[in-house]
>>> print(open('my_file-v1.cif').read())   # mmCIF, C-alpha atoms
data_entry
#
loop_
_atom_site.label_atom_id
_atom_site.label_comp_id
_atom_site.auth_asym_id
_atom_site.auth_seq_id
_atom_site.Cartn_x
_atom_site.Cartn_y
_atom_site.Cartn_z
CA VAL A 1 0.00 0.00 0.00
CA PRO A 2 2.75 2.58 0.78
CA ARG A 3 4.21 2.04 -2.70
CA ILE A 4 0.83 2.65 -4.32
CA HIS A 5 0.52 5.82 -2.24
CA PHE A 6 4.00 6.86 -3.38
CA GLN A 7 3.17 6.27 -7.05
CA GLN A 8 0.05 8.38 -6.57
CA GLN A 9 2.12 11.20 -5.09
CA LEU A 10 4.55 10.97 -8.00
CA ALA A 11 1.60 11.25 -10.40
CA GLU A 12 0.40 14.33 -8.50
CA LEU A 13 3.87 15.87 -8.77
CA LYS A 14 3.80 15.24 -12.53
CA ASP A 15 0.37 16.88 -12.79
CA LYS A 16 1.54 19.89 -10.83
CA LEU A 17 4.60 20.27 -13.06
CA LEU A 18 2.30 20.05 -16.08
CA ALA A 19 0.21 22.90 -14.64
CA MET A 20 3.45 24.85 -14.15
CA ALA A 21 4.44 24.19 -17.77
CA ALA A 22 1.00 25.27 -18.99
CA LEU A 23 1.28 28.57 -17.10
CA ALA A 24 4.76 29.20 -18.49
CA GLN A 25 3.63 28.46 -22.04
CA GLN A 26 0.58 30.65 -21.60
CA ALA A 27 2.78 33.51 -20.38
CA LEU A 28 5.07 33.11 -23.39
CA ASP A 29 2.18 33.03 -25.89
CA CYS A 30 0.53 36.09 -24.32
CA ALA A 31 3.80 38.04 -24.24
CA VAL A 32 4.45 37.44 -27.93
CA GLU A 33 0.84 38.27 -28.76
CA ALA A 34 1.06 41.45 -26.64
CA TYR A 35 4.02 42.54 -28.78
CA LEU A 36 2.38 41.65 -32.09
CA GLN A 37 -0.98 43.25 -31.21
CA GLN A 38 0.40 46.11 -29.07
CA ASP A 39 -2.09 45.06 -26.40
CA ALA A 40 -1.58 46.55 -22.91
CA GLY A 41 -4.20 44.25 -21.40
CA LEU A 42 -2.22 41.22 -22.49
CA CYS A 43 0.91 42.69 -20.87
CA GLN A 44 -0.95 42.86 -17.56
CA HIS A 45 -2.17 39.30 -18.09
CA VAL A 46 1.46 38.16 -18.44
CA ARG A 47 2.22 39.73 -15.05
CA ASP A 48 -0.75 37.92 -13.48
CA LEU A 49 0.44 34.67 -15.00
CA GLU A 50 3.93 35.24 -13.63
CA ALA A 51 2.52 35.64 -10.11
CA ALA A 52 0.72 32.30 -10.54
CA ILE A 53 3.94 30.76 -11.91
CA ASN A 54 5.89 31.85 -8.84
CA THR A 55 3.29 30.35 -6.50
CA THR A 56 3.19 27.12 -8.49
CA GLU A 57 6.99 26.91 -8.52
CA ARG A 58 6.98 26.92 -4.71
CA ASP A 59 4.24 24.26 -4.67
CA VAL A 60 6.14 21.97 -7.04
CA TYR A 61 9.35 22.37 -5.04
CA GLN A 62 7.52 21.64 -1.78
CA MET A 63 5.86 18.52 -3.22
CA ALA A 64 9.19 17.26 -4.52
CA TYR A 65 10.86 18.09 -1.22
CA ASP A 66 8.19 16.27 0.80
CA LEU A 67 8.49 13.20 -1.41
CA LEU A 68 12.26 13.14 -0.84
CA ALA A 69 11.88 13.76 2.89
CA LYS A 70 9.08 11.32 3.68
CA GLU A 71 9.55 8.51 1.17
CA GLN A 72 12.93 7.13 0.19
CA PRO A 73 12.65 7.11 -3.59
CA MET A 74 15.26 5.02 -5.37
CA ALA A 75 16.92 5.07 -8.78
CA VAL A 76 14.49 6.05 -11.51
CA ASP A 77 12.03 7.78 -9.12
CA LEU A 78 14.76 9.73 -7.36
CA ARG A 79 16.24 10.84 -10.67
CA PHE A 80 12.77 11.84 -11.85
CA ILE A 81 12.15 13.99 -8.77
CA LEU A 82 15.54 15.68 -9.16
CA ALA A 83 14.76 16.33 -12.84
CA VAL A 84 11.41 17.87 -11.83
CA ILE A 85 13.18 20.23 -9.40
CA LYS A 86 15.51 21.46 -12.15
CA ILE A 87 12.79 21.68 -14.79
CA ASN A 88 10.61 23.64 -12.36
CA SER A 89 13.34 26.33 -12.15
CA ASP A 90 13.64 26.51 -15.93
CA LEU A 91 9.88 26.95 -16.32
CA GLU A 92 9.93 29.76 -13.78
CA ARG A 93 12.58 31.48 -15.87
CA VAL A 94 10.43 31.10 -18.98
CA GLY A 95 7.92 33.17 -17.00
CA ASP A 96 10.62 35.78 -16.28
CA GLN A 97 11.51 36.01 -19.97
CA SER A 98 7.83 36.44 -20.81
CA VAL A 99 7.56 39.37 -18.40
CA ASN A 100 10.66 40.91 -20.01
CA ILE A 101 9.01 40.61 -23.43
CA ALA A 102 5.79 42.15 -22.12
CA GLN A 103 7.77 45.09 -20.68
CA ARG A 104 9.42 45.68 -24.04
CA ALA A 105 6.05 45.44 -25.75
CA GLU A 106 4.77 48.18 -23.42
CA GLY A 107 7.80 50.33 -24.22
CA LEU A 108 7.01 50.01 -27.91
CA MET A 109 3.41 51.21 -27.51
CA ASN A 110 4.55 54.83 -27.17
CA LEU A 111 6.63 54.65 -30.36
CA PRO A 112 5.46 54.81 -33.98
CA GLY A 113 4.90 51.35 -35.46
CA VAL A 114 7.53 50.33 -38.02
CA LYS A 115 8.25 47.27 -40.12
CA LEU A 116 11.41 45.53 -38.87
CA PRO A 117 13.48 42.65 -40.29
CA VAL A 118 12.57 40.13 -37.58
CA ASP A 119 9.82 37.51 -37.49
CA VAL A 120 8.88 37.64 -33.78
CA LYS A 121 5.77 35.54 -34.43
CA LYS A 122 7.83 32.72 -35.93
CA MET A 123 10.52 32.90 -33.23
CA GLY A 124 7.85 32.92 -30.50
CA GLU A 125 6.08 29.91 -31.98
CA TRP A 126 9.40 28.09 -32.30
CA ALA A 127 10.32 28.77 -28.66
CA GLY A 128 6.83 27.64 -27.57
CA ARG A 129 7.15 24.48 -29.61
CA MET A 130 10.50 23.75 -27.96
CA VAL A 131 9.06 24.15 -24.46
CA ARG A 132 6.05 21.98 -25.36
CA THR A 133 8.24 19.29 -26.94
CA SER A 134 10.63 19.14 -23.99
CA ILE A 135 7.72 18.67 -21.56
CA GLN A 136 6.20 16.01 -23.82
CA ALA A 137 9.58 14.24 -23.81
CA LEU A 138 9.45 14.27 -20.01
CA LEU A 139 5.93 12.84 -19.93
CA ASP A 140 6.82 10.08 -22.39
CA ALA A 141 10.39 9.54 -21.09
CA ASP A 142 11.31 9.89 -24.76
CA VAL A 143 15.03 10.52 -25.34
CA LYS A 144 14.62 10.87 -29.12
CA LEU A 145 12.00 13.56 -28.69
CA ALA A 146 14.21 15.34 -26.15
CA GLU A 147 17.12 15.19 -28.60
CA SER A 148 14.96 16.82 -31.27
CA VAL A 149 14.72 19.85 -28.96
CA LEU A 150 18.52 20.21 -29.05
CA THR A 151 18.38 20.27 -32.86
CA MET A 152 15.57 22.83 -32.75
CA ASP A 153 17.76 25.02 -30.57
CA ASP A 154 20.39 25.25 -33.33
CA GLU A 155 17.66 26.58 -35.61
CA MET A 156 16.60 29.08 -32.93
CA ASP A 157 20.17 30.30 -32.51
CA ALA A 158 20.41 30.78 -36.28
CA MET A 159 17.12 32.73 -36.37
CA ASN A 160 18.29 34.94 -33.52
CA HIS A 161 21.69 35.50 -35.12
CA THR A 162 20.07 36.51 -38.42
CA ALA A 163 17.63 38.83 -36.66
CA GLN A 164 20.38 40.48 -34.57
CA ARG A 165 22.46 41.16 -37.68
CA ALA A 166 19.52 42.49 -39.71
CA LEU A 167 18.28 44.70 -36.86
CA MET A 168 21.76 46.13 -36.25
CA GLN A 169 22.02 46.99 -39.95
CA GLU A 170 18.57 48.54 -39.80
CA MET A 171 19.66 50.72 -36.90
CA GLN A 172 22.63 51.93 -38.93
CA ALA A 173 20.59 52.53 -42.06
CA ARG A 174 17.61 54.16 -40.31
CA PRO A 175 18.64 55.82 -37.03
CA GLU A 176 15.07 57.10 -36.60
CA VAL A 177 13.81 53.56 -35.84
CA SER A 178 16.68 52.59 -33.54
CA ASP A 179 14.52 52.54 -30.39
CA GLN A 180 12.08 50.13 -32.00
CA ALA A 181 14.94 48.04 -33.39
CA LEU A 182 16.63 47.87 -29.97
CA ASN A 183 13.40 46.64 -28.39
CA ALA A 184 13.08 44.01 -31.11
CA ILE A 185 16.72 42.93 -30.59
CA ILE A 186 16.03 42.39 -26.90
CA ILE A 187 12.78 40.52 -27.55
CA ALA A 188 14.55 38.21 -30.01
CA ARG A 189 17.20 37.58 -27.36
CA ASN A 190 14.52 36.84 -24.74
CA LEU A 191 12.99 34.28 -27.08
CA GLU A 192 16.39 32.72 -27.67
CA ARG A 193 16.87 32.48 -23.89
CA THR A 194 13.45 30.90 -23.55
CA ALA A 195 14.60 28.30 -26.06
CA ASP A 196 17.71 27.75 -23.92
CA HIS A 197 15.46 26.87 -20.99
CA ALA A 198 13.60 24.36 -23.18
CA THR A 199 17.01 22.93 -24.10
CA ASN A 200 17.93 22.63 -20.41
CA ILE A 201 14.67 20.76 -19.81
CA ALA A 202 15.39 18.40 -22.70
CA GLU A 203 18.89 17.74 -21.35
CA ASP A 204 17.46 16.94 -17.92
CA VAL A 205 15.03 14.48 -19.53
CA ILE A 206 17.86 12.77 -21.42
CA PHE A 207 19.97 12.55 -18.26
CA TRP A 208 17.06 11.20 -16.25
CA VAL A 209 16.10 8.51 -18.78
CA ARG A 210 19.65 7.50 -19.75
CA GLY A 211 20.80 7.46 -16.13
CA SER A 212 17.99 5.22 -15.08
CA ASP A 213 18.47 3.03 -18.15
CA VAL A 214 22.10 2.49 -17.23
CA ARG A 215 21.15 1.65 -13.65
CA HIS A 216 18.43 -0.69 -14.84
CA GLN A 217 20.88 -2.54 -17.09
CA MET A 218 23.45 -2.71 -14.29
CA SER A 219 20.96 -4.19 -11.85
CA LEU A 220 19.88 -6.71 -14.50
CA ALA A 221 23.53 -7.68 -15.01
CA ALA A 222 24.01 -8.01 -11.24
CA ASP A 223 20.95 -10.27 -10.86
CA VAL B 224 28.60 6.52 13.70
CA PRO B 225 26.38 6.55 10.55
CA ARG B 226 25.55 10.21 11.28
CA ILE B 227 29.24 11.08 11.52
CA HIS B 228 29.79 9.28 8.24
CA PHE B 229 26.92 11.24 6.74
CA GLN B 230 28.32 14.57 7.96
CA GLN B 231 31.64 13.61 6.44
CA GLN B 232 29.98 12.89 3.10
CA LEU B 233 28.19 16.23 3.28
CA ALA B 234 31.55 17.93 3.88
CA GLU B 235 32.98 16.10 0.85
CA LEU B 236 30.05 17.26 -1.26
CA LYS B 237 30.71 20.83 -0.15
CA ASP B 238 34.40 20.48 -1.05
CA LYS B 239 33.54 19.09 -4.47
CA LEU B 240 31.15 21.97 -5.13
CA LEU B 241 33.90 24.38 -4.07
CA ALA B 242 36.22 22.76 -6.61
CA MET B 243 33.46 23.17 -9.20
CA ALA B 244 33.09 26.85 -8.28
CA ALA B 245 36.86 27.37 -8.51
CA LEU B 246 36.92 25.87 -12.02
CA ALA B 247 34.01 28.06 -13.12
CA GLN B 248 35.63 31.19 -11.71
CA GLN B 249 38.94 30.28 -13.31
CA ALA B 250 37.22 29.82 -16.68
CA LEU B 251 35.54 33.22 -16.33
CA ASP B 252 38.77 35.01 -15.37
CA CYS B 253 40.71 33.40 -18.23
CA ALA B 254 37.99 34.20 -20.76
CA VAL B 255 37.97 37.89 -19.82
CA GLU B 256 41.77 37.97 -19.82
CA ALA B 257 41.82 36.24 -23.23
CA TYR B 258 39.64 39.06 -24.57
CA LEU B 259 41.68 41.83 -22.95
CA GLN B 260 45.07 40.38 -23.98
CA GLN B 261 43.94 38.86 -27.31
CA ASP B 262 45.55 35.63 -26.16
CA ALA B 263 44.72 32.50 -28.18
CA GLY B 264 46.42 30.23 -25.63
CA LEU B 265 44.07 31.45 -22.91
CA CYS B 266 41.09 30.71 -25.17
CA GLN B 267 42.25 27.09 -25.41
CA HIS B 268 42.73 27.02 -21.65
CA VAL B 269 39.10 28.07 -21.20
CA ARG B 270 38.05 25.08 -23.32
CA ASP B 271 40.17 22.74 -21.19
CA LEU B 272 38.63 24.19 -18.05
CA GLU B 273 35.15 23.67 -19.47
CA ALA B 274 35.89 19.98 -20.06
CA ALA B 275 36.96 19.71 -16.40
CA ILE B 276 33.83 21.61 -15.35
CA ASN B 277 31.59 19.17 -17.20
CA THR B 278 33.29 16.19 -15.53
CA THR B 279 33.07 17.81 -12.11
CA GLU B 280 29.40 18.66 -12.65
CA ARG B 281 28.66 14.97 -13.15
CA ASP B 282 30.70 14.08 -10.03
CA VAL B 283 28.85 16.61 -7.86
CA TYR B 284 25.48 15.42 -9.14
CA GLN B 285 26.42 11.78 -8.51
CA MET B 286 27.61 12.53 -4.97
CA ALA B 287 24.41 14.43 -4.20
CA TYR B 288 22.35 11.67 -5.78
CA ASP B 289 24.11 8.96 -3.76
CA LEU B 290 23.57 10.90 -0.54
CA LEU B 291 19.86 11.17 -1.28
CA ALA B 292 19.61 7.53 -2.30
CA LYS B 293 21.61 5.93 0.52
CA GLU B 294 21.05 8.22 3.48
CA GLN B 295 17.70 9.80 4.30
CA PRO B 296 18.70 13.41 4.88
CA MET B 297 16.11 15.52 6.63
CA ALA B 298 15.21 19.22 6.70
CA VAL B 299 18.31 21.41 6.60
CA ASP B 300 20.54 18.71 5.06
CA LEU B 301 18.01 17.77 2.42
CA ARG B 302 17.50 21.41 1.49
CA PHE B 303 21.26 21.87 1.34
CA ILE B 304 21.72 18.94 -1.04
CA LEU B 305 18.92 20.20 -3.29
CA ALA B 306 20.53 23.66 -3.29
CA VAL B 307 23.86 22.07 -4.28
CA ILE B 308 22.20 20.30 -7.22
CA LYS B 309 20.78 23.59 -8.50
CA ILE B 310 23.96 25.59 -7.85
CA ASN B 311 25.99 22.92 -9.65
CA SER B 312 23.92 23.54 -12.82
CA ASP B 313 24.43 27.29 -12.56
CA LEU B 314 28.19 26.88 -12.21
CA GLU B 315 28.26 24.66 -15.28
CA ARG B 316 26.50 27.45 -17.19
CA VAL B 317 29.09 29.96 -15.99
CA GLY B 318 31.54 27.66 -17.79
CA ASP B 319 29.39 27.79 -20.94
CA GLN B 320 29.33 31.58 -20.84
CA SER B 321 33.12 31.62 -20.44
CA VAL B 322 33.53 29.48 -23.55
CA ASN B 323 31.21 31.86 -25.43
CA ILE B 324 33.39 34.79 -24.37
CA ALA B 325 36.56 32.95 -25.43
CA GLN B 326 35.02 32.24 -28.84
CA ARG B 327 34.22 35.93 -29.29
CA ALA B 328 37.74 36.83 -28.18
CA GLU B 329 39.10 34.53 -30.90
CA GLY B 330 36.83 36.15 -33.48
CA LEU B 331 38.25 39.54 -32.53
CA MET B 332 41.86 38.47 -33.05
CA ASN B 333 41.51 38.71 -36.82
CA LEU B 334 40.10 42.23 -36.64
CA PRO B 335 41.97 45.53 -36.10
CA GLY B 336 42.06 46.51 -32.42
CA VAL B 337 39.82 49.48 -31.60
CA LYS B 338 38.88 51.41 -28.49
CA LEU B 339 35.23 50.76 -27.57
CA PRO B 340 32.91 52.34 -24.99
CA VAL B 341 32.69 49.29 -22.71
CA ASP B 342 34.73 48.34 -19.65
CA VAL B 343 34.93 44.56 -20.09
CA LYS B 344 37.57 44.31 -17.36
CA LYS B 345 35.28 45.98 -14.81
CA MET B 346 32.23 43.98 -15.88
CA GLY B 347 34.25 40.75 -15.74
CA GLU B 348 35.56 41.51 -12.27
CA TRP B 349 32.06 42.39 -11.12
CA ALA B 350 30.62 39.13 -12.43
CA GLY B 351 33.48 37.21 -10.82
CA ARG B 352 32.90 38.97 -7.52
CA MET B 353 29.21 38.05 -7.67
CA VAL B 354 29.98 34.37 -8.26
CA ARG B 355 32.55 34.38 -5.45
CA THR B 356 30.20 36.15 -3.04
CA SER B 357 27.30 33.81 -3.76
CA ILE B 358 29.49 30.79 -3.06
CA GLN B 359 30.82 32.40 0.12
CA ALA B 360 27.21 32.97 1.20
CA LEU B 361 26.59 29.26 0.68
CA LEU B 362 29.62 28.27 2.74
CA ASP B 363 28.67 30.60 5.59
CA ALA B 364 24.89 30.08 5.27
CA ASP B 365 24.81 33.88 5.22
CA VAL B 366 21.51 35.32 3.97
CA LYS B 367 22.71 38.94 4.20
CA LEU B 368 25.72 38.17 2.03
CA ALA B 369 23.48 36.35 -0.45
CA GLU B 370 21.15 39.36 -0.54
CA SER B 371 24.09 41.62 -1.37
CA VAL B 372 24.53 39.60 -4.58
CA LEU B 373 20.99 40.55 -5.64
CA THR B 374 21.89 44.23 -5.16
CA MET B 375 25.11 43.72 -7.13
CA ASP B 376 23.05 42.29 -9.97
CA ASP B 377 21.15 45.56 -10.34
CA GLU B 378 24.49 47.30 -10.80
CA MET B 379 25.52 44.69 -13.38
CA ASP B 380 22.28 45.16 -15.32
CA ALA B 381 22.91 48.92 -15.31
CA MET B 382 26.49 48.46 -16.57
CA ASN B 383 25.29 46.14 -19.31
CA HIS B 384 22.48 48.50 -20.31
CA THR B 385 24.89 51.44 -20.54
CA ALA B 386 27.39 49.38 -22.55
CA GLN B 387 24.71 48.12 -24.96
CA ARG B 388 23.48 51.66 -25.63
CA ALA B 389 26.98 53.09 -26.07
CA LEU B 390 28.09 50.24 -28.35
CA MET B 391 24.96 50.57 -30.50
CA GLN B 392 25.62 54.29 -30.91
CA GLU B 393 29.24 53.51 -31.75
CA MET B 394 28.08 51.12 -34.48
CA GLN B 395 25.92 53.86 -35.95
CA ALA B 396 28.63 56.51 -35.73
CA ARG B 397 31.49 54.27 -36.96
CA PRO B 398 30.19 51.48 -39.21
CA GLU B 399 33.81 50.38 -39.82
CA VAL B 400 34.09 49.04 -36.24
CA SER B 401 30.67 47.38 -36.17
CA ASP B 402 32.10 43.83 -36.12
CA GLN B 403 34.22 44.62 -33.09
CA ALA B 404 31.32 46.44 -31.41
CA LEU B 405 28.98 43.49 -32.03
CA ASN B 406 31.48 41.12 -30.43
CA ALA B 407 31.76 43.46 -27.44
CA ILE B 408 27.95 43.66 -27.17
CA ILE B 409 27.76 39.89 -27.02
CA ILE B 410 30.59 39.62 -24.47
CA ALA B 411 28.87 42.19 -22.24
CA ARG B 412 25.68 40.17 -22.50
CA ASN B 413 27.56 36.96 -21.62
CA LEU B 414 28.93 38.66 -18.51
CA GLU B 415 25.46 39.84 -17.58
CA ARG B 416 24.19 36.27 -17.95
CA THR B 417 27.05 35.04 -15.78
CA ALA B 418 25.90 37.51 -13.14
CA ASP B 419 22.37 36.07 -13.50
CA HIS B 420 23.75 32.65 -12.60
CA ALA B 421 25.42 34.14 -9.51
CA THR B 422 22.04 35.66 -8.65
CA ASN B 423 20.36 32.26 -9.02
CA ILE B 424 22.95 30.78 -6.66
CA ALA B 425 22.33 33.54 -4.11
CA GLU B 426 18.57 32.95 -4.33
CA ASP B 427 19.08 29.23 -3.73
CA VAL B 428 21.19 30.04 -0.66
CA ILE B 429 18.48 32.34 0.72
CA PHE B 430 15.81 29.73 0.10
CA TRP B 431 17.91 27.01 1.71
CA VAL B 432 18.76 29.02 4.86
CA ARG B 433 15.34 30.65 5.32
CA GLY B 434 13.54 27.37 4.70
CA SER B 435 15.63 25.57 7.26
CA ASP B 436 15.36 28.47 9.73
CA VAL B 437 11.60 28.27 9.56
CA ARG B 438 11.69 24.51 10.08
CA HIS B 439 14.18 24.86 12.91
CA GLN B 440 11.98 27.41 14.69
CA MET B 441 8.93 25.22 14.17
CA SER B 442 10.63 22.20 15.70
CA LEU B 443 11.82 24.33 18.66
CA ALA B 444 8.25 25.51 19.14
CA ALA B 445 6.99 21.94 18.97
CA ASP B 446 9.50 20.70 21.54
#
>>> encode(input="my_file-v1.cif", output="structure tokens")
Amino acid sequence: VPRIHFQQQLAELKDKLLAMAALAQQALDCAVEAYLQQDAGLCQHVRDLEAAINTTERDVYQMAYDLLAKEQPMAVDLRFILAVIKINSDLERVGDQSVNIAQRAEGLMNLPGVKLPVDVKKMGEWAGRMVRTSIQALLDADVKLAESVLTMDDEMDAMNHTAQRALMQEMQARPEVSDQALNAIIIARNLERTADHATNIAEDVIFWVRGSDVRHQMSLAAD
Amino acid sequence: VPRIHFQQQLAELKDKLLAMAALAQQALDCAVEAYLQQDAGLCQHVRDLEAAINTTERDVYQMAYDLLAKEQPMAVDLRFILAVIKINSDLERVGDQSVNIAQRAEGLMNLPGVKLPVDVKKMGEWAGRMVRTSIQALLDADVKLAESVLTMDDEMDAMNHTAQRALMQEMQARPEVSDQALNAIIIARNLERTADHATNIAEDVIFWVRGSDVRHQMSLAAD
């Protein structure tokens, strides 16, 4: 019976982390949308989401902590709980990046709208897809899926690099839009950092699954 | 006797994390020096240090994991081990940032040297001081010292902001140095990110000490 109880608590921890991931993804989507639509209400919504993210982060940590303190999880379960603790931090930082984007979006609302050589919509969707994929890899314990996130990050870095170059050139060619271009440079960088957090999550998933695989094989060999 | 053994293992974990911190700080110092001196040998040294950092990261994680798996640490010890796991990740990322700086330093070696409006030496020392202070706060369980790192981070953000602005203006005013200025922009950003990792470490220290204080007071009250 205690083991069944423990598995139930692990499932609850997973659910709570999923809620955390949903909040982080929501914050990211709203922040990008706030920039694209110049919507002040959405900026405020991102701040509300971040408050919820911070509360949920503490809840997830406390649940993980209690599991470690009260049960004595071994091998694959212990590694999973440690991965959750790290992933929880990365999701919280996705929330921070989203707030940064929303702040920049607000800064842009007082400036004339201009067309800039950066596809924020595409970069935002890509970052969101990376976060979603890394969490799906966790849920499915799927190393291949997690590895695909690392490949996606190369693409994100390339998009960011291209945008940075183009926006710098734009600033040189049209000094009158340099404030808008600087905001866009920083937003592109925030999205690239968001993608880095997704990459961290994917790496934690790989380490968790591979580590437990190795241990599993070793214990089979020892039997 | 088992408790003494456990305390000894905890002390070993602390020592190993200190070694990890020393490697990360060394990598940071060498990377900044490589940029300032245009020294290709130092760039290679940063890469060697990063390899050692990656190995040590795995060692620290394994030691922490083994402690959790074999002993059943409670309250303050459990929180400490979880803080070590998170801090270990941040130190590894300080290593990553150092390699990024070294790569930029190498890129600059093929370009004419120019004077730029950014004090990389000062920013590098500041970031190094933040990392050192956050680790000292961990060793001394000193919340006030950890909080000073958060204040230092505001200063770092201000330095980075000023440098970004000045370097952007320089690029506009002198397009012929824009490659050098872009490299400097990215190095300043890498140093700011390094400072963010120090801030994360300080936050983990605060959470660890405050959390255990609360628990300690509660158990005193219950006695």
>>> resolve_selection(input="my_file-v1.cif", expression="the PyMOL selection byres ((chain B) within 8 of (chain A))", output="PyMOL selection string")
chain B and resi 288+291-292+295-298+301-302+309+391+394-395+398
>>> residues_around(input="my_file-v1.cif", residues="region 381-383 of chain B", least_positions_apart="2", cutoff="10 Å", atoms="all atoms listed in the file", output="ChimeraX atom specification")
/B:341-343,345-346,349,375-379,385-389,408,410-415
>>> write_last_selection(input="my_file-v1.cif", atoms="C-alpha atoms", output="mmCIF file, in the coordinates of the input")
data_model
loop_
_atom_site.group_PDB
_atom_site.id
_atom_site.type_symbol
_atom_site.label_atom_id
_atom_site.label_comp_id
_atom_site.auth_asym_id
_atom_site.auth_seq_id
_atom_site.Cartn_x
_atom_site.Cartn_y
_atom_site.Cartn_z
ATOM 1 C CA VAL B 341 32.690 49.290 -22.710
ATOM 2 C CA ASP B 342 34.730 48.340 -19.650
ATOM 3 C CA VAL B 343 34.930 44.560 -20.090
ATOM 4 C CA LYS B 345 35.280 45.980 -14.810
ATOM 5 C CA MET B 346 32.230 43.980 -15.880
ATOM 6 C CA TRP B 349 32.060 42.390 -11.120
ATOM 7 C CA MET B 375 25.110 43.720 -7.130
ATOM 8 C CA ASP B 376 23.050 42.290 -9.970
ATOM 9 C CA ASP B 377 21.150 45.560 -10.340
ATOM 10 C CA GLU B 378 24.490 47.300 -10.800
ATOM 11 C CA MET B 379 25.520 44.690 -13.380
ATOM 12 C CA THR B 385 24.890 51.440 -20.540
ATOM 13 C CA ALA B 386 27.390 49.380 -22.550
ATOM 14 C CA GLN B 387 24.710 48.120 -24.960
ATOM 15 C CA ARG B 388 23.480 51.660 -25.630
ATOM 16 C CA ALA B 389 26.980 53.090 -26.070
ATOM 17 C CA ILE B 408 27.950 43.660 -27.170
ATOM 18 C CA ILE B 410 30.590 39.620 -24.470
ATOM 19 C CA ALA B 411 28.870 42.190 -22.240
ATOM 20 C CA ARG B 412 25.680 40.170 -22.500
ATOM 21 C CA ASN B 413 27.560 36.960 -21.620
ATOM 22 C CA LEU B 414 28.930 38.660 -18.510
ATOM 23 C CA GLU B 415 25.460 39.840 -17.580
#
>>> resolve_selection(input="my_file-v1.cif", expression="the PyMOL selection byres ((chain B and resi 257-274) around 9)", output="PyMOL selection string")
chain B and resi 246-247+249-256+275-279+315+318-319+321-322+324-329+331-332+343-344
>>> atom_distance(input="my_file-v1.cif", atom1="CA of Asp157 (chain A)", atom2="CA of Glu57 (chain A)")
27.6 Å
>>> resolve_selection(input="my_file-v1.cif", expression="the PyMOL selection byres ((chain B and resi 424-431) around 9)", output="short mmCIF file (atom, residue, chain, number, x, y, z; two decimals) with C-alpha atoms, in the frame of the given file")
data_model
loop_
_atom_site.label_atom_id
_atom_site.label_comp_id
_atom_site.auth_asym_id
_atom_site.auth_seq_id
_atom_site.Cartn_x
_atom_site.Cartn_y
_atom_site.Cartn_z
CA VAL B 299 18.31 21.41 6.60
CA ARG B 302 17.50 21.41 1.49
CA PHE B 303 21.26 21.87 1.34
CA LEU B 305 18.92 20.20 -3.29
CA ALA B 306 20.53 23.66 -3.29
CA VAL B 307 23.86 22.07 -4.28
CA LYS B 309 20.78 23.59 -8.50
CA ILE B 310 23.96 25.59 -7.85
CA ASN B 311 25.99 22.92 -9.65
CA ASP B 313 24.43 27.29 -12.56
CA LEU B 314 28.19 26.88 -12.21
CA MET B 353 29.21 38.05 -7.67
CA VAL B 354 29.98 34.37 -8.26
CA THR B 356 30.20 36.15 -3.04
CA SER B 357 27.30 33.81 -3.76
CA ILE B 358 29.49 30.79 -3.06
CA ALA B 360 27.21 32.97 1.20
CA LEU B 361 26.59 29.26 0.68
CA ALA B 364 24.89 30.08 5.27
CA ASP B 365 24.81 33.88 5.22
CA VAL B 366 21.51 35.32 3.97
CA LYS B 367 22.71 38.94 4.20
CA LEU B 368 25.72 38.17 2.03
CA ALA B 369 23.48 36.35 -0.45
CA GLU B 370 21.15 39.36 -0.54
CA SER B 371 24.09 41.62 -1.37
CA VAL B 372 24.53 39.60 -4.58
CA LEU B 373 20.99 40.55 -5.64
CA ASP B 419 22.37 36.07 -13.50
CA HIS B 420 23.75 32.65 -12.60
CA ALA B 421 25.42 34.14 -9.51
CA THR B 422 22.04 35.66 -8.65
CA ASN B 423 20.36 32.26 -9.02
CA VAL B 432 18.76 29.02 4.86
CA ARG B 433 15.34 30.65 5.32
CA GLY B 434 13.54 27.37 4.70
CA SER B 435 15.63 25.57 7.26
CA ASP B 436 15.36 28.47 9.73
#
>>> atom_distance(input="my_file-v1.cif", atom1="CA of Leu17 (chain A)", atom2="CA of Arg132 (chain A)")
12.5 Å
>>> atom_distance(input="my_file-v1.cif", atom1="CA of Asn323 (chain B)", atom2="CA of Ala195 (chain A)")
17.0 Å
>>> residues_around(input="my_file-v1.cif", residues="region 5-11 of chain A", least_positions_apart="3", cutoff="9 Å", atoms="all atoms listed in the file", output="ChimeraX atom specification")
/A:1-2,14-16,63-64,67,71,73,77,81
